[in-house]
>>> print(open('final-v8.txt').read())   # compact mmCIF, C-alpha atoms and all ligand atoms
# COMPACT_ATOMS: atom_id res chain seq x y z
CA MET G 1 2.52 -22.22 -19.96
CA ARG G 2 6.18 -22.44 -20.90
CA LYS G 3 7.05 -22.08 -24.56
CA PHE G 4 10.39 -23.46 -25.73
CA ALA G 5 12.78 -22.38 -28.43
CA LEU G 6 15.83 -24.05 -29.83
CA ILE G 7 18.54 -21.78 -31.25
CA GLY G 8 20.68 -23.78 -33.64
CA GLY G 9 24.34 -23.11 -34.34
CA SER G 10 26.87 -24.54 -36.77
CA GLY G 11 25.66 -27.92 -37.96
CA LEU G 12 22.10 -27.08 -36.98
CA ASP G 13 21.02 -24.48 -39.52
CA ARG G 14 18.11 -26.64 -40.56
CA LEU G 15 16.10 -29.01 -38.47
CA ALA G 16 14.94 -31.81 -40.74
CA GLU G 17 13.49 -33.61 -37.70
CA LEU G 18 11.00 -30.78 -37.10
CA ASP G 19 7.40 -31.42 -38.12
CA VAL G 20 6.69 -27.85 -39.26
CA ARG G 21 3.38 -26.18 -38.28
CA ARG G 22 4.06 -22.46 -38.75
CA THR G 23 6.76 -20.10 -39.94
CA SER G 24 7.09 -16.40 -39.08
CA ARG G 25 9.72 -13.68 -39.06
CA PRO G 26 8.57 -11.08 -36.53
CA ALA G 27 9.99 -7.61 -37.18
CA THR G 28 11.53 -6.11 -34.05
CA ALA G 29 12.80 -2.67 -33.04
CA TYR G 30 16.29 -4.09 -33.75
CA GLY G 31 15.52 -5.48 -37.20
CA ALA G 32 14.75 -8.97 -38.46
CA PRO G 33 15.98 -12.19 -36.83
CA SER G 34 18.63 -14.31 -38.57
CA ALA G 35 15.99 -16.41 -40.34
CA PRO G 36 12.28 -17.21 -40.28
CA ILE G 37 11.35 -18.85 -36.98
CA VAL G 38 9.83 -22.25 -37.53
CA GLU G 39 7.31 -23.58 -35.03
CA GLY G 40 6.68 -27.29 -35.04
CA LEU G 41 7.04 -30.61 -33.28
CA LEU G 42 10.41 -32.16 -32.43
CA ASP G 43 9.92 -35.71 -31.28
CA GLY G 44 6.25 -34.82 -30.72
CA GLN G 45 7.16 -31.78 -28.58
CA ALA G 46 6.27 -28.20 -29.57
CA VAL G 47 9.29 -25.98 -30.12
CA CYS G 48 10.28 -22.84 -32.05
CA PHE G 49 13.49 -23.17 -34.07
CA LEU G 50 15.81 -20.33 -35.07
CA PRO G 51 19.18 -20.89 -36.79
CA ARG G 52 21.37 -18.06 -35.45
CA HIS G 53 23.70 -18.04 -38.48
CA GLY G 54 20.74 -17.86 -40.90
CA SER G 55 19.17 -20.69 -42.90
CA ASP G 56 22.18 -20.86 -45.24
CA HIS G 57 24.83 -20.24 -42.56
CA GLY G 58 25.69 -16.85 -44.05
CA LEU G 59 26.10 -14.85 -40.81
CA PRO G 60 29.45 -14.96 -38.98
CA PRO G 61 29.29 -14.85 -35.15
CA HIS G 62 30.10 -11.12 -34.88
CA ARG G 63 27.45 -10.13 -37.45
CA ILE G 64 24.52 -12.02 -35.93
CA ASN G 65 21.75 -9.69 -34.80
CA TYR G 66 21.43 -11.22 -31.34
CA ARG G 67 19.05 -8.54 -30.16
CA ALA G 68 16.61 -9.13 -33.02
CA ASN G 69 16.81 -12.90 -32.48
CA VAL G 70 16.01 -12.68 -28.77
CA ARG G 71 13.29 -10.05 -29.24
CA ALA G 72 11.65 -12.05 -32.05
CA LEU G 73 11.53 -15.19 -29.88
CA ARG G 74 10.09 -13.15 -27.01
CA ALA G 75 7.46 -11.69 -29.36
CA LEU G 76 6.33 -15.24 -30.13
CA GLY G 77 5.85 -15.84 -26.40
CA VAL G 78 8.96 -17.96 -25.87
CA THR G 79 9.81 -18.38 -22.17
CA ASP G 80 12.69 -20.89 -22.35
CA VAL G 81 15.60 -21.05 -24.78
CA ILE G 82 17.90 -24.01 -25.36
CA ALA G 83 20.93 -22.77 -27.28
CA VAL G 84 22.97 -25.33 -29.18
CA ALA G 85 26.57 -24.55 -30.09
CA ALA G 86 29.60 -26.19 -31.66
CA VAL G 87 32.69 -25.46 -29.56
CA GLY G 88 36.35 -26.22 -29.07
CA GLY G 89 37.34 -28.26 -26.02
CA ILE G 90 39.85 -26.85 -23.51
CA ALA G 91 39.47 -29.12 -20.45
CA THR G 92 40.93 -32.61 -20.74
CA ASP G 93 37.48 -34.18 -20.25
CA ALA G 94 36.05 -32.07 -23.10
CA GLY G 95 37.43 -33.98 -26.07
CA PRO G 96 35.80 -34.03 -29.52
CA GLY G 97 32.32 -35.53 -29.41
CA THR G 98 31.70 -34.50 -25.79
CA ILE G 99 28.49 -32.67 -24.92
CA VAL G 100 28.88 -30.01 -22.22
CA ILE G 101 26.09 -28.19 -20.33
CA PRO G 102 27.98 -25.13 -19.02
CA ASP G 103 27.01 -23.41 -15.78
CA GLN G 104 29.28 -20.36 -16.20
CA LEU G 105 30.71 -18.20 -18.94
CA VAL G 106 33.41 -15.61 -19.55
CA ASP G 107 32.77 -13.01 -22.25
CA TYR G 108 35.79 -12.12 -24.42
CA THR G 109 33.72 -10.66 -27.28
CA TRP G 110 33.85 -6.99 -28.22
CA GLY G 111 31.98 -4.51 -30.39
CA ARG G 112 28.72 -6.46 -30.49
CA GLU G 113 25.34 -4.90 -29.73
CA HIS G 114 25.06 -6.62 -26.40
CA THR G 115 22.22 -5.06 -24.43
CA PHE G 116 18.62 -3.86 -24.64
CA TYR G 117 19.56 -1.22 -22.03
CA ASP G 118 21.73 0.95 -24.26
CA GLY G 119 20.05 4.19 -23.22
CA ALA G 120 18.25 4.57 -26.54
CA ASN G 121 14.74 4.32 -25.11
CA GLY G 122 15.42 5.88 -21.72
CA GLU G 123 15.28 2.55 -19.89
CA LEU G 124 18.16 1.32 -17.77
CA ASP G 125 18.63 -1.82 -15.74
CA HIS G 126 21.55 -3.90 -14.50
CA VAL G 127 20.32 -7.48 -14.56
CA ASP G 128 21.81 -10.04 -12.19
CA PHE G 129 24.00 -12.42 -14.19
CA THR G 130 25.75 -14.25 -11.35
CA ALA G 131 24.49 -17.56 -12.73
CA PRO G 132 24.20 -16.91 -16.47
CA TYR G 133 22.34 -20.13 -17.28
CA ALA G 134 18.93 -21.14 -15.87
CA ALA G 135 19.43 -23.83 -13.22
CA ASP G 136 16.20 -25.74 -13.88
CA LEU G 137 16.69 -25.83 -17.63
CA ARG G 138 20.28 -27.01 -17.17
CA ALA G 139 19.07 -29.66 -14.73
CA ALA G 140 16.49 -30.80 -17.26
CA LEU G 141 19.16 -31.16 -19.99
CA VAL G 142 21.42 -33.13 -17.64
CA ALA G 143 18.51 -35.36 -16.55
CA ALA G 144 17.53 -35.98 -20.18
CA ALA G 145 21.07 -37.07 -21.06
CA ARG G 146 21.02 -39.44 -18.08
CA THR G 147 17.66 -40.88 -19.17
CA LEU G 148 19.11 -41.52 -22.62
CA GLY G 149 22.37 -42.94 -21.25
CA ILE G 150 24.39 -40.29 -23.10
CA ALA G 151 27.57 -39.35 -21.21
CA ILE G 152 27.94 -35.60 -20.89
CA VAL G 153 29.97 -33.09 -18.89
CA PRO G 154 27.24 -31.58 -16.65
CA GLN G 155 28.96 -28.29 -15.87
CA GLY G 156 31.76 -26.06 -17.06
CA THR G 157 32.69 -22.58 -18.15
CA TYR G 158 32.01 -21.39 -21.70
CA ALA G 159 34.50 -18.88 -23.10
CA ALA G 160 32.84 -16.63 -25.70
CA THR G 161 35.43 -15.36 -28.19
CA GLN G 162 35.01 -12.91 -31.05
CA GLY G 163 35.88 -15.01 -34.07
CA PRO G 164 35.42 -15.72 -36.85
CA ARG G 165 39.05 -16.83 -36.70
CA LEU G 166 39.94 -19.55 -34.26
CA GLU G 167 42.17 -18.71 -31.28
CA THR G 168 45.95 -18.76 -30.98
CA ALA G 169 47.56 -21.36 -28.73
CA ALA G 170 48.49 -18.58 -26.28
CA GLU G 171 44.89 -17.34 -26.19
CA ILE G 172 43.70 -20.84 -25.33
CA ARG G 173 46.36 -21.14 -22.59
CA ARG G 174 44.97 -17.90 -21.17
CA LEU G 175 41.39 -19.20 -21.30
CA ALA G 176 42.54 -22.38 -19.56
CA ARG G 177 44.16 -20.27 -16.81
CA ASP G 178 40.86 -18.38 -16.56
CA GLY G 179 39.16 -21.70 -15.81
CA CYS G 180 37.34 -22.12 -19.11
CA THR G 181 36.20 -25.61 -20.17
CA ILE G 182 35.07 -24.92 -23.74
CA VAL G 183 35.35 -22.09 -26.26
CA GLY G 184 32.81 -20.86 -28.79
CA MET G 185 31.93 -17.65 -30.63
CA THR G 186 28.18 -17.20 -30.17
CA GLY G 187 27.45 -17.72 -26.47
CA MET G 188 27.51 -13.96 -25.86
CA PRO G 189 25.70 -11.64 -25.96
CA GLU G 190 22.92 -14.18 -26.59
CA ALA G 191 22.80 -15.43 -22.97
CA ALA G 192 22.80 -11.93 -21.47
CA LEU G 193 20.11 -10.66 -23.83
CA ALA G 194 17.90 -13.62 -22.94
CA ARG G 195 18.36 -12.70 -19.26
CA GLU G 196 17.49 -9.06 -19.99
CA ALA G 197 14.40 -10.24 -21.87
CA GLY G 198 13.34 -12.33 -18.88
CA MET G 199 13.73 -15.70 -20.57
CA ALA G 200 15.27 -18.84 -19.08
CA TYR G 201 18.32 -19.80 -21.16
CA ALA G 202 20.62 -22.82 -21.16
CA ASN G 203 23.43 -23.89 -23.47
CA CYS G 204 24.09 -27.34 -24.85
CA SER G 205 27.54 -27.41 -26.46
CA LEU G 206 29.02 -30.09 -28.67
CA VAL G 207 32.82 -30.21 -28.76
CA VAL G 208 33.94 -30.53 -32.38
CA ASN G 209 37.70 -30.03 -31.99
CA ARG G 210 40.40 -29.68 -29.38
CA ALA G 211 41.03 -25.96 -28.90
CA ALA G 212 44.06 -24.38 -30.55
CA GLY G 213 47.40 -25.79 -29.45
CA LEU G 214 45.85 -28.70 -27.55
CA GLY G 215 45.47 -31.17 -30.42
CA VAL G 216 47.82 -32.55 -33.01
CA GLY G 217 48.39 -30.09 -35.88
CA PRO G 218 46.05 -27.32 -37.05
CA ILE G 219 42.28 -27.42 -36.55
CA THR G 220 40.58 -28.37 -39.80
CA ALA G 221 37.07 -27.67 -41.08
CA GLU G 222 36.87 -31.34 -42.03
CA GLU G 223 37.51 -32.44 -38.42
CA MET G 224 34.85 -30.03 -37.13
CA ARG G 225 32.30 -31.13 -39.75
CA ARG G 226 32.89 -34.81 -39.01
CA ASN G 227 32.39 -34.35 -35.26
CA LEU G 228 29.32 -32.20 -35.83
CA GLU G 229 27.74 -34.88 -37.98
CA ARG G 230 28.54 -37.55 -35.42
CA GLY G 231 27.34 -35.64 -32.37
CA MET G 232 24.36 -33.56 -33.44
CA GLY G 233 21.98 -36.56 -33.34
CA ASP G 234 22.65 -37.01 -29.61
CA VAL G 235 22.22 -33.28 -29.00
CA LEU G 236 18.79 -33.37 -30.64
CA ARG G 237 17.78 -36.47 -28.68
CA ILE G 238 18.74 -34.68 -25.46
CA VAL G 239 16.71 -31.62 -26.48
CA GLY G 240 13.64 -33.71 -27.43
CA THR G 241 13.79 -35.67 -24.16
CA THR G 242 14.30 -32.46 -22.18
CA LEU G 243 11.11 -30.99 -23.64
CA ARG G 244 9.15 -34.16 -22.89
CA GLN G 245 10.40 -34.45 -19.32
CA VAL G 246 9.89 -30.77 -18.49
CA ARG G 247 6.30 -30.98 -19.75
CA ALA G 248 5.72 -34.17 -17.76
CA VAL G 249 6.95 -32.35 -14.64
CA HIS G 250 4.45 -29.59 -15.37
CA ARG G 251 1.68 -32.14 -15.58
CA GLY G 252 2.86 -33.50 -12.24
CA HIS G 253 3.96 -36.94 -13.49
CA ARG G 254 7.57 -36.65 -12.35
CA SER G 255 9.47 -34.98 -9.59
CA ARG G 256 11.52 -31.97 -10.64
CA PRO G 257 14.85 -32.96 -12.20
CA SER G 258 17.84 -31.98 -10.10
CA LEU G 259 21.53 -31.64 -10.84
CA GLN G 260 22.40 -34.12 -8.10
N1 LIG S 1 37.12 -21.94 -30.91
C1 LIG S 1 36.07 -21.10 -31.00
N2 LIG S 1 34.91 -21.48 -31.52
C2 LIG S 1 34.77 -22.74 -31.96
C3 LIG S 1 35.84 -23.66 -31.90
C4 LIG S 1 37.08 -23.23 -31.34
O1 LIG S 1 38.06 -23.98 -31.25
N3 LIG S 1 35.38 -24.82 -32.44
C5 LIG S 1 34.09 -24.61 -32.79
N4 LIG S 1 33.72 -23.36 -32.50
>>> encode(input="final-v8.txt", output="structure tokens", more="lines below")
Ligand code: HPA
Amino acid sequence: MRKFALIGGSGLDRLAELDVRRTSRPATAYGAPSAPIVEGLLDGQAVCFLPRHGSDHGLPPHRINYRANVRALRALGVTDVIAVAAVGGIATDAGPGTIVIPDQLVDYTWGREHTFYDGANGELDHVDFTAPYAADLRAALVAAARTLGIAIVPQGTYAATQGPRLETAAEIRRLARDGCTIVGMTGMPEAALAREAGMAYANCSLVVNRAAGLGVGPITAEEMRRNLERGMGDVLRIVGTTLRQVRAVHRGHRSRPSLQ
């Protein structure tokens, strides 16, 4: 049986739509997760919810205990993680309000505890990370958006930057040259830790601003908040429909969703 979790980012620190059944905060060898993990029903579908910045959005991207978050979800038996993130748009088709399901990432973060294989417990492994996001979970998100008639960008490259400051215009030009579509601050090491923990992981990003130097004038918190408020409803509908369709596939009612 697959068990799903939703990791919420900026604009998704609380999930009012969740019909709560249980709350827990499993202690892990790496400490406590960002917040209590809430298990409940989203749109009738069972899901665990964890806000990565904490319930009151007190944790900046570089201070999040990604290892504790991933381990705590694993301890609850989670097999599949859908990570929601607010991002800046770099590609021309990734304007504010666009939802992107990336298929690749580039990690520009530094100094974060980024692996379970740090030599501390004598274990060492080099996990394959060629395709950092789980193909079937990505396909399910794309299929759900199609079912709902929500236009999305079905692939792209997520640039993970250190933050908490936004980038310079030159940094964004560099990320564009590197082939990045969107830029956010929390995509790594979360994705790699999920891979090390053996969980399927996909990212659903909502563009809340044009990346530095690509829009008119400076990026404002007001602009980001407005686009978050506008777009998060669609993100949650995509997540709810994804859960329903994946479970239907498991019951044999539908053919497997594909990216085609
Ligand atoms: N850069 C990095 N992270 C972000 C941005 C951005 O422009 N917008 C929202 N999160």
>>> residues_around(input="final-v8.txt", residues="Val208 of chain G", least_positions_apart="3", cutoff="9 Å", atoms="all atoms listed in the file", output="number ranges by chain")
G: 86-89, 95-98, 223-228, 231
>>> residues_near_ligand(input="final-v8.txt", ligand="ligand LIG 1 (chain S)", cutoff="9 Å", atoms="all atoms listed in the file", output="PDB file with C-alpha atoms, keeping the file's coordinate frame")
ATOM      1  CA  SER G  10      26.870 -24.540 -36.770  1.00  0.00           C
ATOM      2  CA  ALA G  85      26.570 -24.550 -30.090  1.00  0.00           C
ATOM      3  CA  ALA G  86      29.600 -26.190 -31.660  1.00  0.00           C
ATOM      4  CA  VAL G  87      32.690 -25.460 -29.560  1.00  0.00           C
ATOM      5  CA  GLY G  88      36.350 -26.220 -29.070  1.00  0.00           C
ATOM      6  CA  GLY G  89      37.340 -28.260 -26.020  1.00  0.00           C
ATOM      7  CA  ILE G  90      39.850 -26.850 -23.510  1.00  0.00           C
ATOM      8  CA  ALA G 159      34.500 -18.880 -23.100  1.00  0.00           C
ATOM      9  CA  ALA G 160      32.840 -16.630 -25.700  1.00  0.00           C
ATOM     10  CA  THR G 161      35.430 -15.360 -28.190  1.00  0.00           C
ATOM     11  CA  GLN G 162      35.010 -12.910 -31.050  1.00  0.00           C
ATOM     12  CA  GLY G 163      35.880 -15.010 -34.070  1.00  0.00           C
ATOM     13  CA  PRO G 164      35.420 -15.720 -36.850  1.00  0.00           C
ATOM     14  CA  ARG G 165      39.050 -16.830 -36.700  1.00  0.00           C
ATOM     15  CA  LEU G 166      39.940 -19.550 -34.260  1.00  0.00           C
ATOM     16  CA  GLU G 167      42.170 -18.710 -31.280  1.00  0.00           C
ATOM     17  CA  ILE G 172      43.700 -20.840 -25.330  1.00  0.00           C
ATOM     18  CA  ILE G 182      35.070 -24.920 -23.740  1.00  0.00           C
ATOM     19  CA  VAL G 183      35.350 -22.090 -26.260  1.00  0.00           C
ATOM     20  CA  GLY G 184      32.810 -20.860 -28.790  1.00  0.00           C
ATOM     21  CA  MET G 185      31.930 -17.650 -30.630  1.00  0.00           C
ATOM     22  CA  THR G 186      28.180 -17.200 -30.170  1.00  0.00           C
ATOM     23  CA  LEU G 206      29.020 -30.090 -28.670  1.00  0.00           C
ATOM     24  CA  VAL G 207      32.820 -30.210 -28.760  1.00  0.00           C
ATOM     25  CA  VAL G 208      33.940 -30.530 -32.380  1.00  0.00           C
ATOM     26  CA  ASN G 209      37.700 -30.030 -31.990  1.00  0.00           C
ATOM     27  CA  ARG G 210      40.400 -29.680 -29.380  1.00  0.00           C
ATOM     28  CA  ALA G 211      41.030 -25.960 -28.900  1.00  0.00           C
ATOM     29  CA  ALA G 212      44.060 -24.380 -30.550  1.00  0.00           C
ATOM     30  CA  ILE G 219      42.280 -27.420 -36.550  1.00  0.00           C
ATOM     31  CA  MET G 224      34.850 -30.030 -37.130  1.00  0.00           C
TER      32      MET G 224
END
>>> closest_residue(input="final-v8.txt", among="G:Thr28, G:Ala72, G:Gly58, G:Leu214", to="Ala170 of chain G", atoms="all atoms listed in the file")
G:Leu214
>>> axis_aligned_box(input="final-v8.txt", around="segment 216-226 of chain G", padding_each_side="4 Å", output="JSON")
{"center_x": 40.3, "center_y": -31.1, "center_z": -37.5, "size_x": 24.1, "size_y": 15.5, "size_z": 17.0}
>>> closest_residue(input="final-v8.txt", among="G:Val100, G:Leu6, G:Val84, G:Met188", to="Thr157 of chain G", atoms="only C-alpha atoms")
G:Val100
>>> closest_residue(input="final-v8.txt", among="G:Ser55, G:Thr130, G:Thr241, G:Thr115", to="Leu42 of chain G", atoms="only C-alpha atoms")
G:Thr241
>>> residues_around(input="final-v8.txt", residues="Ala139 of chain G", least_positions_apart="3", cutoff="12 Å", atoms="only C-alpha atoms", output="ChimeraX atom specification")
/G:101-103,133-136,142-146,154-155,201-204,238,242,245-246,256-260
>>> closest_residue(input="final-v8.txt", among="G:Thr23, G:Thr220, G:Gln45, G:Thr79", to="Arg247 of chain G", atoms="only C-alpha atoms")
G:Gln45
>>> residues_around(input="final-v8.txt", residues="His57 of chain G", least_positions_apart="5", cutoff="10 Å", atoms="all atoms listed in the file", output="NGL selection string")
:G and (9-14 or 34-35 or 51-52)
>>> atom_distance(input="final-v8.txt", atom1="atom CA of Met1 of chain G", atom2="atom CA of Gly149 of chain G")
28.7 Å
